[in-house]
Amino acid sequence: MRDLRAFYRALLRRYGPQKWWPAEGPFEVMVGAILTQNTAWTNVEKAIATLKSNGLLDPRRLDEMDAGTLALAIRPAGYFNVKAMRLKSFVRWFLDRFAGDVERMKRTAPGPLREELLAVKGVGPETADSILLYALGAPTFVVDQYTYRLATRHGLVAEDAGYDDLKEVFETRLRGDARLYNEFHALIVAVGKECCRPVARCESCPLRRFLARRGF
DNA sequence: TGCCAGGCCGGGT
DNA sequence: ACCCGGCATGGC
């Protein structure tokens with residue numbers, strides 16, 4: 001793939017603006033980022049709806065409640081015991097560090113903030129980058145399984161590329177802003193829903209044909 | 001009916 | 001520095 005920006009424009013024409021992240025506010029994005037770990041978004045929606053209808057979509061409420069009760073509330077999101085603990089460790093850090101204030105969080109430089117996020121139990125690279133990009137608007141490219149499969153099967157990176165390798169490839173080749181990274185990642189997920197499945201031959205997949213038609 | 005979904009952690013090599 | 005098992009629900 002020679003021109004990533006052209007690829008992006010092609011995807012945008014094909015799929016249209018994705019309007020990510022599907023949430024009402026920054027804190028909802030952060031909660032969703034943890035809940036959607038290895039989980040279909042439709043399941044996360046159910047969990048978020050329950051939290052919302054019970055007034056629990058609030059850092060202080062989550063911090064106060066016990067993990068078992070929280071686990072029951074987020075049950076449809078899967079791994080509910082694990083994720084209850086992850087939500088609690090995250091909000092504890094969020095309250096300690098920024099008093100639960102997103103604006104205060106935004107004033108911290110993205111680089112150091114990413115390291116701090118990674119130190120929170122239950123927050124790995126994708127969750128950290130999702131929070132930085134989609135909750136705070138920081139120019140950080142989010143890598144996920146779809147990104148990995150698309151990039152390896154369409155000649156962007158080697159099979160053994162790791163998270164940071166992929167992130168670097170996209171950021172250096174795009175040299176874009178938060179707006180571009182936001183839309184591009186969302187488009188990659190849209191592609192992933194019809195192409196580049198875990199077990200699939202990409203030689204004749206719709207994306208390959210689409211790319212060939214456009215000269216990639 | 002399995003396979004899959006917008007990962008991450010902890011323990012073992 | 002990898003590699004692997006565990007974690008769990010819901011949709012197709």
# chains A, B, ... in the order shown; residues from 1 in each chain; ligands from 1

call {"tool": "interface_residues", "arguments": {"of": "chain C", "to": "chain A", "cutoff": "7 Å", "atoms": "only C-alpha atoms (C1' of nucleotides)", "output": "list of chain:residue names"}}
result
C:DC7, C:DA8, C:DT9, C:DG10

call {"tool": "interface_residues", "arguments": {"of": "chain B", "to": "chain A", "cutoff": "6 Å", "atoms": "only C-alpha atoms (C1' of nucleotides)", "output": "VMD selection string"}}
result
chain B and resid 5 7 to 8

call {"tool": "atom_distance", "arguments": {"atom1": "CA of Ala200 (chain A)", "atom2": "CA of Arg2 (chain A)"}}
result
23.4 Å

call {"tool": "atom_distance", "arguments": {"atom1": "CA of Tyr15 (chain A)", "atom2": "CA of Leu150 (chain A)"}}
result
15.9 Å

call {"tool": "residues_around", "arguments": {"residues": "Pro17 (chain A)", "least_positions_apart": "6", "cutoff": "12 Å", "atoms": "only C-alpha atoms (C1' of nucleotides)", "output": "PDB file with C-alpha atoms, in the first residue's frame"}}
result
ATOM      1  CA  TYR A   8      -8.210   6.670   3.908  1.00  0.00           C
ATOM      2  CA  ARG A   9     -10.073   8.864   1.407  1.00  0.00           C
ATOM      3  CA  ALA A  10     -11.215   5.767  -0.471  1.00  0.00           C
ATOM      4  CA  LEU A  11     -12.560   4.207   2.716  1.00  0.00           C
ATOM      5  CA  ARG A 179      -9.641  14.245  13.524  1.00  0.00           C
ATOM      6  CA  LEU A 180      -7.953  12.041  10.902  1.00  0.00           C
ATOM      7  CA  ASN A 182     -10.401   9.328  14.833  1.00  0.00           C
ATOM      8  CA  GLU A 183     -12.093   8.718  11.512  1.00  0.00           C
ATOM      9  CA  PHE A 184      -9.445   6.364  10.144  1.00  0.00           C
ATOM     10  CA  HIS A 185      -9.566   3.965  13.063  1.00  0.00           C
ATOM     11  CA  ALA A 186     -13.364   3.943  12.972  1.00  0.00           C
ATOM     12  CA  LEU A 187     -13.256   3.184   9.241  1.00  0.00           C
ATOM     13  CA  ILE A 188     -10.838   0.313   9.799  1.00  0.00           C
ATOM     14  CA  ALA A 190     -16.072  -0.730   9.626  1.00  0.00           C
TER      15      ALA A 190
END

call {"tool": "decode", "arguments": {"residues": "region 85-100 of chain A", "atoms": "C-alpha atoms", "output": "mmCIF file, in the first residue's frame"}}
result
data_model
loop_
_atom_site.group_PDB
_atom_site.id
_atom_site.type_symbol
_atom_site.label_atom_id
_atom_site.label_comp_id
_atom_site.auth_asym_id
_atom_site.auth_seq_id
_atom_site.Cartn_x
_atom_site.Cartn_y
_atom_site.Cartn_z
ATOM 1 C CA MET A 85 -12.266 -4.452 38.965
ATOM 2 C CA ARG A 86 -10.788 -2.651 35.964
ATOM 3 C CA LEU A 87 -13.434 0.061 36.097
ATOM 4 C CA LYS A 88 -12.835 0.514 39.788
ATOM 5 C CA SER A 89 -9.056 0.733 39.465
ATOM 6 C CA PHE A 90 -9.509 3.243 36.659
ATOM 7 C CA VAL A 91 -11.935 5.529 38.481
ATOM 8 C CA ARG A 92 -9.809 5.383 41.604
ATOM 9 C CA TRP A 93 -6.861 6.678 39.586
ATOM 10 C CA PHE A 94 -9.077 9.217 37.786
ATOM 11 C CA LEU A 95 -10.314 10.597 41.099
ATOM 12 C CA ASP A 96 -6.920 10.572 42.819
ATOM 13 C CA ARG A 97 -5.089 12.115 39.900
ATOM 14 C CA PHE A 98 -7.638 14.551 38.445
ATOM 15 C CA ALA A 99 -10.490 14.629 40.957
ATOM 16 C CA GLY A 100 -12.646 13.089 38.231
#
